[in-house]
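Asks: My structure is in data_5.cif, and what it holds is mmCIF, C-alpha atoms:
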```
data_input
#
loop_
_atom_site.label_atom_id
_atom_site.label_comp_id
_atom_site.auth_asym_id
_atom_site.auth_seq_id
_atom_site.Cartn_x
_atom_site.Cartn_y
_atom_site.Cartn_z
CA MET F 1 -64.92 155.54 -144.54
CA LYS F 2 -62.00 157.23 -142.72
CA ALA F 3 -59.50 156.20 -145.39
CA TYR F 4 -61.74 157.47 -148.19
CA LEU F 5 -62.41 160.82 -146.52
CA GLU F 6 -58.74 161.32 -145.65
CA ARG F 7 -57.88 160.69 -149.30
CA GLU F 8 -60.39 163.40 -150.21
CA GLY F 9 -58.65 165.82 -147.86
CA VAL F 10 -61.07 165.58 -144.92
CA ALA F 11 -59.43 165.18 -141.50
CA THR F 12 -61.31 162.36 -139.81
CA ARG F 13 -61.28 160.70 -136.40
CA VAL F 14 -63.03 157.35 -135.83
CA VAL F 15 -64.42 156.38 -132.42
CA ASP F 16 -65.76 152.93 -131.63
CA ALA F 17 -68.54 153.87 -129.22
CA SER F 18 -70.18 150.44 -129.17
CA CYS F 19 -68.93 149.74 -125.64
CA LEU F 20 -68.98 153.30 -124.32
CA ASN F 21 -71.62 154.85 -122.09
CA ASP F 22 -73.10 158.30 -122.65
CA GLY F 23 -70.61 159.84 -120.24
CA ALA F 24 -67.61 158.53 -122.15
CA VAL F 25 -69.11 159.65 -125.47
CA SER F 26 -69.77 163.11 -124.00
CA THR F 27 -66.14 163.39 -122.88
CA ILE F 28 -64.87 162.53 -126.36
CA LEU F 29 -67.19 165.09 -127.97
CA LYS F 30 -66.03 167.80 -125.54
CA GLU F 31 -62.36 167.00 -126.18
CA GLN F 32 -62.53 166.62 -129.97
CA ARG F 33 -65.22 169.24 -130.75
CA PRO F 34 -65.83 168.04 -134.34
CA ASP F 35 -67.63 170.15 -136.95
CA ILE F 36 -69.44 167.08 -138.32
CA VAL F 37 -70.46 163.95 -136.42
CA GLY F 38 -71.14 160.83 -138.48
CA ILE F 39 -73.03 157.98 -136.80
CA THR F 40 -73.76 154.47 -138.03
CA CYS F 41 -77.29 153.27 -137.30
CA PHE F 42 -78.24 149.59 -137.12
CA THR F 43 -81.69 148.33 -136.16
CA ASN F 44 -80.68 146.56 -132.95
CA THR F 45 -78.66 149.54 -131.68
CA ARG F 46 -80.74 152.36 -133.16
CA PHE F 47 -81.50 154.07 -129.86
CA SER F 48 -77.81 154.26 -128.95
CA SER F 49 -77.26 156.02 -132.27
CA PHE F 50 -80.12 158.42 -131.61
CA ARG F 51 -78.79 159.22 -128.12
CA THR F 52 -75.35 159.94 -129.57
CA ALA F 53 -76.90 162.34 -132.08
CA ALA F 54 -78.74 164.16 -129.29
CA LEU F 55 -75.57 164.33 -127.19
CA ALA F 56 -73.65 165.87 -130.07
CA LYS F 57 -76.20 168.67 -130.43
CA LYS F 58 -76.42 169.21 -126.67
CA ILE F 59 -72.66 169.43 -126.15
CA LEU F 60 -71.52 171.06 -129.39
CA GLY F 61 -74.50 173.25 -130.09
CA THR F 62 -76.88 173.49 -133.00
CA ASP F 63 -74.13 174.45 -135.45
CA VAL F 64 -72.63 170.94 -135.44
CA ARG F 65 -73.82 168.84 -138.39
CA VAL F 66 -75.01 165.34 -137.47
CA VAL F 67 -75.02 162.78 -140.26
CA MET F 68 -76.38 159.26 -139.95
CA GLY F 69 -75.86 156.26 -142.21
CA GLY F 70 -76.23 152.50 -142.23
CA ALA F 71 -78.97 150.01 -143.05
CA HIS F 72 -81.59 151.13 -140.52
CA ALA F 73 -81.20 154.82 -141.31
CA THR F 74 -81.33 154.09 -145.04
CA HIS F 75 -84.46 151.95 -145.03
CA LEU F 76 -86.36 154.12 -142.52
CA ALA F 77 -84.90 157.52 -143.37
CA GLN F 78 -88.23 159.36 -143.18
CA GLN F 79 -89.00 157.97 -139.73
CA VAL F 80 -85.51 158.68 -138.41
CA LEU F 81 -85.63 162.32 -139.54
CA ASP F 82 -89.22 162.81 -138.33
CA HIS F 83 -88.50 161.58 -134.82
CA ASN F 84 -84.90 162.67 -134.29
CA PRO F 85 -84.47 166.44 -134.68
CA SER F 86 -80.78 166.08 -133.81
CA VAL F 87 -80.15 164.22 -137.09
CA ASP F 88 -79.58 166.68 -139.94
CA VAL F 89 -78.80 164.41 -142.89
CA ILE F 90 -78.95 160.71 -143.70
CA VAL F 91 -76.47 159.24 -146.16
CA LEU F 92 -78.34 156.52 -148.02
CA HIS F 93 -76.95 153.12 -149.02
CA GLU F 94 -73.25 153.03 -149.94
CA GLY F 95 -71.83 156.12 -148.33
CA GLU F 96 -68.31 157.05 -149.43
CA ARG F 97 -69.08 159.36 -152.34
CA SER F 98 -72.23 160.85 -150.86
CA PHE F 99 -70.59 161.67 -147.53
CA ALA F 100 -67.55 163.23 -149.22
CA ASN F 101 -69.79 165.26 -151.53
CA LEU F 102 -71.92 166.35 -148.59
CA ILE F 103 -68.89 167.65 -146.68
CA ASN F 104 -67.58 169.44 -149.77
CA THR F 105 -70.99 171.07 -150.30
CA TRP F 106 -71.10 172.32 -146.72
CA GLN F 107 -67.56 173.68 -147.01
CA ASN F 108 -68.51 175.57 -150.18
CA THR F 109 -71.91 176.69 -148.86
CA GLY F 110 -73.71 174.84 -151.61
CA HIS F 111 -77.25 173.48 -151.45
CA LEU F 112 -77.84 169.93 -150.24
CA ARG F 113 -80.16 169.22 -153.16
CA ALA F 114 -77.01 169.02 -155.30
CA VAL F 115 -75.68 166.05 -153.29
CA PRO F 116 -76.78 162.65 -154.64
CA GLY F 117 -77.70 159.86 -152.24
CA ILE F 118 -78.92 161.70 -149.17
CA ALA F 119 -82.11 162.55 -147.29
CA PHE F 120 -82.38 165.76 -145.30
CA ARG F 121 -84.84 168.02 -143.53
CA GLU F 122 -85.63 171.28 -145.31
CA ALA F 123 -86.15 174.53 -143.39
CA SER F 124 -89.87 173.99 -143.92
CA GLY F 125 -89.65 170.68 -142.06
CA ASN F 126 -90.29 168.58 -145.16
CA THR F 127 -87.89 165.79 -146.05
CA THR F 128 -86.06 165.80 -149.37
CA PHE F 129 -84.59 162.67 -150.94
CA THR F 130 -82.00 163.38 -153.62
CA PRO F 131 -81.41 161.00 -156.59
CA ARG F 132 -79.44 157.91 -155.67
CA GLU F 133 -75.66 158.03 -155.98
CA PRO F 134 -74.50 155.32 -158.45
CA PHE F 135 -72.89 152.40 -156.69
CA ILE F 136 -69.11 152.10 -156.90
CA GLU F 137 -68.40 149.61 -159.67
CA ASN F 138 -64.66 149.24 -159.12
CA LEU F 139 -64.21 148.39 -155.44
CA ASP F 140 -60.44 148.21 -155.97
CA SER F 141 -60.56 151.99 -156.34
CA LEU F 142 -61.35 152.29 -152.62
CA PRO F 143 -58.44 152.57 -150.16
CA PHE F 144 -57.94 149.86 -147.57
CA PRO F 145 -59.65 150.59 -144.22
CA ASP F 146 -57.68 152.81 -141.85
CA TYR F 147 -57.56 151.34 -138.33
CA SER F 148 -55.17 153.91 -136.87
CA ASP F 149 -57.76 155.36 -134.46
CA LEU F 150 -58.94 152.02 -133.14
CA PRO F 151 -57.64 149.65 -130.41
CA ILE F 152 -57.37 146.99 -133.09
CA HIS F 153 -55.61 144.42 -130.90
CA ASP F 154 -58.55 144.45 -128.49
CA TYR F 155 -60.90 142.99 -131.11
CA ARG F 156 -60.61 139.39 -130.03
CA GLY F 157 -63.10 136.96 -131.49
CA VAL F 158 -64.79 134.03 -129.82
CA HIS F 159 -63.78 131.80 -132.72
CA LYS F 160 -61.97 128.71 -131.57
CA PHE F 161 -59.49 128.79 -134.44
CA ALA F 162 -58.22 132.22 -133.30
CA HIS F 163 -57.29 131.15 -129.75
CA LYS F 164 -58.72 134.44 -128.35
CA ALA F 165 -56.23 136.45 -130.42
CA PRO F 166 -57.20 139.63 -132.34
CA VAL F 167 -59.38 138.87 -135.38
CA PHE F 168 -59.45 141.15 -138.42
CA SER F 169 -62.44 141.48 -140.76
CA ILE F 170 -62.15 141.44 -144.54
CA MET F 171 -64.97 142.57 -146.83
CA ALA F 172 -64.06 141.23 -150.25
CA SER F 173 -67.39 142.10 -151.83
CA ARG F 174 -70.53 144.17 -151.45
CA SER F 175 -74.07 142.78 -151.63
CA CYS F 176 -75.11 139.27 -152.61
CA ALA F 177 -76.24 137.49 -155.75
CA TYR F 178 -79.35 136.26 -153.94
CA GLU F 179 -82.20 137.94 -152.09
CA CYS F 180 -83.20 135.85 -149.10
CA LEU F 181 -86.48 136.74 -147.41
CA PHE F 182 -84.84 137.88 -144.17
CA CYS F 183 -81.76 139.67 -145.52
CA PRO F 184 -81.49 143.41 -146.34
CA ALA F 185 -78.08 143.14 -148.09
CA LYS F 186 -79.28 143.51 -151.67
CA ALA F 187 -81.70 146.31 -150.85
CA PHE F 188 -78.87 148.22 -149.19
CA TRP F 189 -75.84 147.44 -151.39
CA GLY F 190 -77.43 146.93 -154.81
CA ARG F 191 -76.02 144.28 -157.11
CA LEU F 192 -73.09 142.06 -156.16
CA ARG F 193 -69.62 143.51 -156.76
CA LEU F 194 -66.30 141.79 -156.00
CA ARG F 195 -62.91 143.24 -155.32
CA SER F 196 -60.16 141.59 -157.35
CA ALA F 197 -58.42 138.65 -155.71
CA THR F 198 -55.12 140.55 -155.95
CA ASN F 199 -56.58 143.52 -154.09
CA VAL F 200 -57.94 141.31 -151.32
CA VAL F 201 -54.63 139.52 -150.87
CA GLU F 202 -52.79 142.87 -150.76
CA GLU F 203 -55.04 144.02 -147.89
CA ILE F 204 -54.41 140.79 -145.98
CA LYS F 205 -50.66 141.14 -146.56
CA SER F 206 -50.76 144.78 -145.41
CA LEU F 207 -52.58 143.91 -142.17
CA HIS F 208 -50.24 140.96 -141.59
CA GLN F 209 -47.16 143.16 -141.98
CA ARG F 210 -48.44 146.26 -140.15
CA TYR F 211 -50.29 144.69 -137.23
CA GLY F 212 -48.97 141.15 -137.17
CA ALA F 213 -52.50 140.00 -138.01
CA ARG F 214 -52.80 136.22 -138.19
CA TYR F 215 -56.53 135.61 -137.86
CA PHE F 216 -59.18 136.84 -140.27
CA ILE F 217 -62.92 136.62 -140.91
CA PHE F 218 -64.26 137.06 -144.43
CA GLU F 219 -67.53 138.92 -143.82
CA ASP F 220 -68.95 138.19 -147.28
CA ASP F 221 -72.25 136.34 -147.60
CA ALA F 222 -70.81 133.72 -149.98
CA PHE F 223 -67.01 133.54 -150.23
CA SER F 224 -67.01 130.89 -152.96
CA LEU F 225 -69.86 132.27 -155.05
CA LYS F 226 -67.38 132.54 -157.93
CA LYS F 227 -65.07 129.57 -157.69
CA ASP F 228 -62.25 130.96 -159.85
CA TRP F 229 -62.14 134.11 -157.71
CA ALA F 230 -62.07 132.12 -154.45
CA LEU F 231 -59.29 129.90 -155.79
CA ALA F 232 -57.33 132.99 -156.84
CA VAL F 233 -57.57 134.45 -153.30
CA CYS F 234 -56.28 131.18 -151.85
CA GLU F 235 -53.49 130.97 -154.42
CA GLY F 236 -52.52 134.58 -153.64
CA ILE F 237 -52.23 133.83 -149.91
CA LEU F 238 -50.04 130.81 -150.66
CA LYS F 239 -47.91 132.57 -153.29
CA ASN F 240 -47.16 135.41 -150.87
CA ALA F 241 -46.44 132.92 -148.08
CA ILE F 242 -48.82 134.71 -145.67
CA ASP F 243 -49.08 132.53 -142.58
CA ILE F 244 -52.67 133.15 -141.47
CA ARG F 245 -55.79 131.35 -140.29
CA TRP F 246 -59.22 132.43 -141.42
CA ALA F 247 -62.95 131.72 -141.53
CA ALA F 248 -65.55 132.31 -144.22
CA GLN F 249 -69.20 131.77 -145.06
CA THR F 250 -70.50 130.23 -148.25
CA ARG F 251 -73.25 128.19 -149.90
CA THR F 252 -73.46 124.43 -150.24
CA ASP F 253 -74.07 124.64 -153.97
CA ARG F 254 -70.92 126.72 -154.47
CA PHE F 255 -68.52 124.36 -152.78
CA ASP F 256 -66.61 121.34 -154.03
CA LYS F 257 -63.64 119.15 -153.15
CA GLU F 258 -61.06 121.14 -155.13
CA LEU F 259 -62.05 124.37 -153.44
CA ALA F 260 -62.23 122.77 -149.99
CA MET F 261 -58.68 121.42 -150.27
CA MET F 262 -57.32 124.75 -151.54
CA MET F 263 -59.06 126.71 -148.78
CA LYS F 264 -57.65 124.41 -146.11
CA LYS F 265 -54.17 124.70 -147.62
CA ALA F 266 -54.44 128.52 -147.64
CA GLY F 267 -55.32 128.65 -143.95
CA CYS F 268 -59.11 128.30 -143.74
CA ARG F 269 -60.00 126.81 -140.36
CA GLN F 270 -63.75 127.42 -140.11
CA LEU F 271 -66.54 127.41 -142.67
CA LEU F 272 -70.09 128.55 -142.06
CA PHE F 273 -72.99 127.40 -144.23
CA GLY F 274 -76.22 129.39 -143.96
CA ILE F 275 -78.51 126.39 -144.30
CA GLU F 276 -81.50 127.96 -142.49
CA SER F 277 -83.75 124.87 -142.83
CA GLY F 278 -83.81 121.22 -143.77
CA SER F 279 -87.21 121.57 -145.39
CA SER F 280 -87.39 122.21 -149.14
CA THR F 281 -90.71 123.99 -148.59
CA ILE F 282 -89.17 126.42 -146.10
CA LEU F 283 -86.09 126.96 -148.27
CA LYS F 284 -88.38 127.96 -151.14
CA THR F 285 -90.26 130.37 -148.87
CA LEU F 286 -86.95 131.90 -147.78
CA ASN F 287 -85.96 132.31 -151.44
CA LYS F 288 -82.68 130.50 -150.72
CA HIS F 289 -82.33 128.83 -154.13
CA GLN F 290 -80.73 125.92 -152.29
CA HIS F 291 -81.31 122.23 -153.00
CA ILE F 292 -81.63 119.83 -150.09
CA GLU F 293 -79.30 117.21 -151.59
CA ASN F 294 -76.40 119.69 -151.68
CA ILE F 295 -76.41 120.19 -147.92
CA PRO F 296 -75.09 116.85 -146.56
CA ARG F 297 -72.77 116.58 -149.57
CA ALA F 298 -71.09 119.90 -148.75
CA PHE F 299 -70.61 118.98 -145.10
CA ALA F 300 -69.08 115.64 -146.12
CA ILE F 301 -66.64 117.41 -148.45
CA ALA F 302 -65.64 119.81 -145.67
CA ARG F 303 -65.09 116.94 -143.21
CA GLU F 304 -62.93 115.09 -145.74
CA ALA F 305 -60.82 118.25 -146.19
CA GLY F 306 -60.49 118.70 -142.42
CA LEU F 307 -62.52 121.92 -142.34
CA PRO F 308 -64.60 122.46 -139.17
CA THR F 309 -68.12 123.59 -140.09
CA ILE F 310 -70.91 125.70 -138.64
CA MET F 311 -74.52 125.10 -139.66
CA SER F 312 -76.65 128.23 -139.26
CA LEU F 313 -80.40 127.70 -138.90
CA VAL F 314 -83.45 129.95 -138.49
CA ILE F 315 -86.67 128.96 -136.75
CA GLY F 316 -90.16 130.32 -137.41
CA THR F 317 -90.20 131.03 -141.16
CA PRO F 318 -93.66 131.65 -142.67
CA GLY F 319 -95.17 128.19 -143.08
CA GLU F 320 -92.95 126.65 -140.37
CA THR F 321 -94.53 123.74 -138.49
CA ASP F 322 -93.38 120.95 -136.21
CA SER F 323 -93.18 118.80 -139.34
CA THR F 324 -90.78 121.16 -141.17
CA MET F 325 -88.70 121.45 -137.99
CA GLU F 326 -88.44 117.67 -137.84
CA GLU F 327 -87.05 117.82 -141.39
CA THR F 328 -84.42 120.28 -140.16
CA LYS F 329 -83.60 117.95 -137.30
CA GLN F 330 -83.08 115.09 -139.76
CA MET F 331 -80.88 117.30 -141.91
CA LEU F 332 -78.71 117.86 -138.85
CA ARG F 333 -78.35 114.10 -138.48
CA ARG F 334 -77.40 113.65 -142.14
CA SER F 335 -74.96 116.57 -142.25
CA ARG F 336 -73.19 116.31 -138.88
CA PRO F 337 -71.75 119.84 -138.62
CA SER F 338 -69.05 120.67 -136.06
CA VAL F 339 -71.14 123.50 -134.58
CA VAL F 340 -74.82 124.41 -134.80
CA VAL F 341 -76.21 127.94 -134.47
CA ALA F 342 -80.02 128.15 -134.32
CA ASN F 343 -81.88 131.45 -134.02
CA ALA F 344 -85.41 132.74 -134.17
CA LEU F 345 -86.23 134.42 -137.48
CA ARG F 346 -86.07 138.18 -136.98
CA VAL F 347 -87.66 141.02 -138.89
CA TYR F 348 -85.57 143.89 -140.26
CA PRO F 349 -86.56 146.85 -142.43
CA GLY F 350 -85.56 146.55 -146.06
CA THR F 351 -86.38 142.83 -146.22
CA GLY F 352 -89.08 140.79 -147.90
CA LEU F 353 -89.98 139.39 -144.48
CA PHE F 354 -90.76 142.88 -143.20
CA GLU F 355 -93.14 143.48 -146.10
CA HIS F 356 -94.72 140.05 -145.56
CA ALA F 357 -95.24 140.71 -141.85
CA LYS F 358 -96.80 144.11 -142.63
CA LYS F 359 -99.32 142.49 -144.97
CA GLN F 360 -100.20 140.04 -142.21
CA GLY F 361 -100.80 142.93 -139.82
CA LEU F 362 -98.10 141.68 -137.46
CA ILE F 363 -95.88 144.73 -137.67
CA ASP F 364 -95.46 148.16 -139.19
CA GLU F 365 -92.82 150.90 -139.12
CA SER F 366 -94.08 152.17 -135.76
CA VAL F 367 -92.52 149.18 -133.98
CA PHE F 368 -89.09 150.75 -134.58
CA LEU F 369 -90.14 153.73 -132.48
CA SER F 370 -90.41 151.43 -129.48
CA GLU F 371 -87.50 150.10 -127.44
CA ILE F 372 -88.11 146.58 -128.76
CA THR F 373 -84.89 145.17 -130.21
CA ASP F 374 -85.78 141.48 -130.42
CA LEU F 375 -88.11 141.64 -133.43
CA ILE F 376 -88.97 137.97 -133.77
CA TYR F 377 -91.36 136.94 -136.54
CA THR F 378 -94.35 135.19 -134.95
CA GLY F 379 -96.56 134.61 -137.97
CA ALA F 380 -95.90 130.86 -138.01
CA MET F 381 -94.96 129.97 -134.43
CA THR F 382 -95.29 131.63 -131.05
CA LYS F 383 -92.12 132.76 -129.30
CA GLN F 384 -92.53 129.89 -126.84
CA GLU F 385 -92.68 127.36 -129.68
CA ILE F 386 -89.63 128.91 -131.33
CA TYR F 387 -87.62 128.84 -128.09
CA ARG F 388 -88.66 125.23 -127.51
CA TRP F 389 -87.41 124.18 -130.95
CA GLU F 390 -84.23 126.17 -130.43
CA ALA F 391 -83.53 124.18 -127.26
CA ARG F 392 -84.46 120.90 -128.97
CA LEU F 393 -82.06 121.46 -131.86
CA TYR F 394 -79.19 122.29 -129.54
CA LEU F 395 -79.86 119.27 -127.34
CA TYR F 396 -80.13 117.00 -130.38
CA ALA F 397 -77.00 118.37 -132.04
CA TYR F 398 -74.77 118.48 -128.99
CA GLY F 399 -76.29 115.66 -126.98
CA ARG F 400 -76.91 112.94 -129.55
CA LEU F 401 -74.93 113.75 -132.70
CA LEU F 402 -71.65 114.94 -131.19
CA GLY F 403 -71.53 112.67 -128.13
CA TRP F 404 -69.42 113.62 -125.13
CA ARG F 405 -67.63 116.33 -127.09
CA GLY F 406 -70.95 117.97 -127.85
CA ILE F 407 -72.21 117.64 -124.27
CA CYS F 408 -69.03 119.28 -122.98
CA HIS F 409 -69.47 122.08 -125.51
CA LEU F 410 -73.09 122.61 -124.43
CA VAL F 411 -72.21 122.63 -120.71
CA ALA F 412 -69.39 125.12 -121.36
CA PHE F 413 -71.75 127.34 -123.35
CA LEU F 414 -74.38 127.32 -120.60
CA TRP F 415 -71.75 128.02 -117.92
CA GLN F 416 -70.31 130.95 -119.89
CA ASN F 417 -73.75 132.47 -120.48
CA ILE F 418 -75.51 131.78 -117.19
CA PHE F 419 -73.89 134.85 -115.64
CA LYS F 420 -73.75 137.01 -118.78
CA ASN F 421 -77.33 136.31 -119.88
CA PRO F 422 -79.29 134.38 -117.25
CA ARG F 423 -82.58 135.19 -118.99
CA LEU F 424 -81.39 133.40 -122.14
CA VAL F 425 -80.39 130.28 -120.22
CA GLY F 426 -83.57 130.36 -118.15
CA ARG F 427 -85.66 130.70 -121.30
CA ALA F 428 -84.01 127.64 -122.83
CA LEU F 429 -84.53 125.55 -119.68
CA ARG F 430 -88.17 126.61 -119.38
CA SER F 431 -88.74 125.68 -123.02
CA ILE F 432 -87.49 122.17 -122.34
CA LEU F 433 -89.32 121.67 -119.06
CA LEU F 434 -92.66 123.05 -120.24
CA LYS F 435 -92.90 120.71 -123.23
#
```
Write the structure described by the file as structure tokens, please.
Replies:
Amino acid sequence: MKAYLEREGVATRVVDASCLNDGAVSTILKEQRPDIVGITCFTNTRFSSFRTAALAKKILGTDVRVVMGGAHATHLAQQVLDHNPSVDVIVLHEGERSFANLINTWQNTGHLRAVPGIAFREASGNTTFTPREPFIENLDSLPFPDYSDLPIHDYRGVHKFAHKAPVFSIMASRSCAYECLFCPAKAFWGRLRLRSATNVVEEIKSLHQRYGARYFIFEDDAFSLKKDWALAVCEGILKNAIDIRWAAQTRTDRFDKELAMMMKKAGCRQLLFGIESGSSTILKTLNKHQHIENIPRAFAIAREAGLPTIMSLVIGTPGETDSTMEETKQMLRRSRPSVVVANALRVYPGTGLFEHAKKQGLIDESVFLSEITDLIYTGAMTKQEIYRWEARLYLYAYGRLLGWRGICHLVAFLWQNIFKNPRLVGRALRSILLK
């Protein structure tokens, strides 16, 4: 956003407040005294965003304009405006054009109804939603992100391939071709759009030259959705002799031996597959459009290419039973991933799961007014049952499938987390012992 606004002539300062307390945020606001404060709002951190908005008004006065954007603010714009008087405007969905137009309108004392893609509170107290701003078709037209305000070298990932070095994120696309039950991506971003392979490689090259960046994460939902595009990115990295290591996420049905070998050659060192379940029934419920037989095949191809893999699973999908979880357990055995990540299925606004849970009477929008952040779907299993299966999958994967290497990994994980999150470790142990 900073790079886009700067290009439009708007002086912009970015602050990463994710690790700052209210006192530190207050100090920055007092020192910078901005005319407009833009705040990203995600579901899990929504109350931090709301507190920041209130701080801005308290410190800078009522004349400061507070703008909020992001998935949570987009999907629950009415609620956010109704319950947060410090928020003046919400930029809906993809924000570059709308935010720039909003600032220009304020500067020229125009009326907000003329700005597409926003929601705002009228003087009467009523909320107005303006017509949606068309999504940006040519993503290459956007400038590369500007990291000049950020302590970029402090962003060190936990990924083994990066050796605790700074890790840079690349977004090569927006949205997804699919619409999984639990994912708000399509509702937020619209239809899938890709940057050109050349544009992506140029960004990587720029970060490599400017910051010495060597480790990257592709944040896209399915890196190899279009094989020719994925091959072109890999070929561009090799042609430009960019010595990097990177990780990506993709689908098992969009992955083959040719692509695996090219990705490894271009520096890929970690590949995540969002499998979610080993049950065809559950996959259908999740709207994954994924065939069971593709899963072990993809992991075998990755192993042959020397690509470490992560299998991501969710527990507690509508219709989930001990029987479907046993199918997932067997899929683990057949696929033998390098790492397993299993999580309870969570409910987010803007998803099919949220609408399903509302129809069941399990949840409604009012839950987001509470301080609850762990919105686990409990329509199929209780939390205790979900936690128990979570512990079982980890013990099976790291205790039986991966042998001593897996046991060492599990012990290290527990040791690292026992001080950081003792409740999480205690929950897992209770789940095992109470079975």
Asks: For F:Ile282, work out the shell of residues within 7 Å, counting all atoms listed in the file and skipping chain neighbours fewer than 5 positions away, then give it as a list of chain:residue names.
Replies: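 In the requested form, the answer reads F:Ser277, F:Thr317, F:Gly319, F:Glu320.
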Asks: List, as number ranges by chain, every residue that the PyMOL selection byres ((chain F and resi 104-121) around 12) selects in the file provided.
Replies: F: 5, 8-10, 35-36, 63-70, 73-103, 122-135
Asks: Could you expand the PyMOL selection byres ((chain F and resi 346) around 8) into the explicit residues it covers here, written as a PDB file with C-alpha atoms, in the coordinates of the input?
Replies:
```pdb
ATOM      1  CA  PHE F 182     -84.840 137.880-144.170  1.00  0.00           C
ATOM      2  CA  ALA F 344     -85.410 132.740-134.170  1.00  0.00           C
ATOM      3  CA  LEU F 345     -86.230 134.420-137.480  1.00  0.00           C
ATOM      4  CA  VAL F 347     -87.660 141.020-138.890  1.00  0.00           C
ATOM      5  CA  TYR F 348     -85.570 143.890-140.260  1.00  0.00           C
ATOM      6  CA  ASP F 374     -85.780 141.480-130.420  1.00  0.00           C
ATOM      7  CA  LEU F 375     -88.110 141.640-133.430  1.00  0.00           C
ATOM      8  CA  ILE F 376     -88.970 137.970-133.770  1.00  0.00           C
ATOM      9  CA  TYR F 377     -91.360 136.940-136.540  1.00  0.00           C
TER      10      TYR F 377
END
```
Asks: Do a neighbour search on stretch 159-173 of chain F at 8 Å with only C-alpha atoms, toss out local chain neighbours closer than 2 positions, and write the hits as a PyMOL selection string.
Replies: chain F and resi 139+152-157+175+192-195+200+204+213-220+245-246+269-270
Asks: Between atom CA of F:Met1 and atom CA of F:Arg174, what is the distance in Å, rounded to a tenth?
Replies: 14.4 Å
Asks: F:Glu326, F:Asp256, F:Glu202, F:Asp146: which is nearest F:Arg7, counting all atoms listed in the file?
Replies: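 Closest candidate: F:Asp146.
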Asks: Grab the atom CA of F:Asn199 to atom CA of F:Asp140 distance for me, in Å with one decimal place.
Replies: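 It comes out at 6.4 Å.
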Asks: Which is closer to F:Arg303 than all the others in F:Met331, F:Leu286, F:Val233, F:Leu271, using all atoms listed in the file?
Replies: F:Leu271
Asks: Hey, can you check how far atom CA of F:Lys383 sits from atom CA of F:Leu313?
Replies: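 Pair atom CA of F:Lys383 / atom CA of F:Leu313 returns 16.0 Å.
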Asks: Could the centre and edge lengths of an axis-aligned box, enclosing all atoms of stretch 60-72 of chain F in the file with 4 Å extra on each side, be given in Å to one decimal as AutoDock Vina command-line options?
Replies:
```
--center_x -76.6 --center_y 162.2 --center_z -136.2 --size_x 18.1 --size_y 32.4 --size_z 21.7
```
Asks: When distances are computed from only C-alpha atoms, which of F:Pro145, F:Gly379, F:Gly306, F:Gly350 shows the smallest separation from F:Leu362?
Replies: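 Looking only at the distances to F:Leu362, the closest residue turns out to be F:Gly379.
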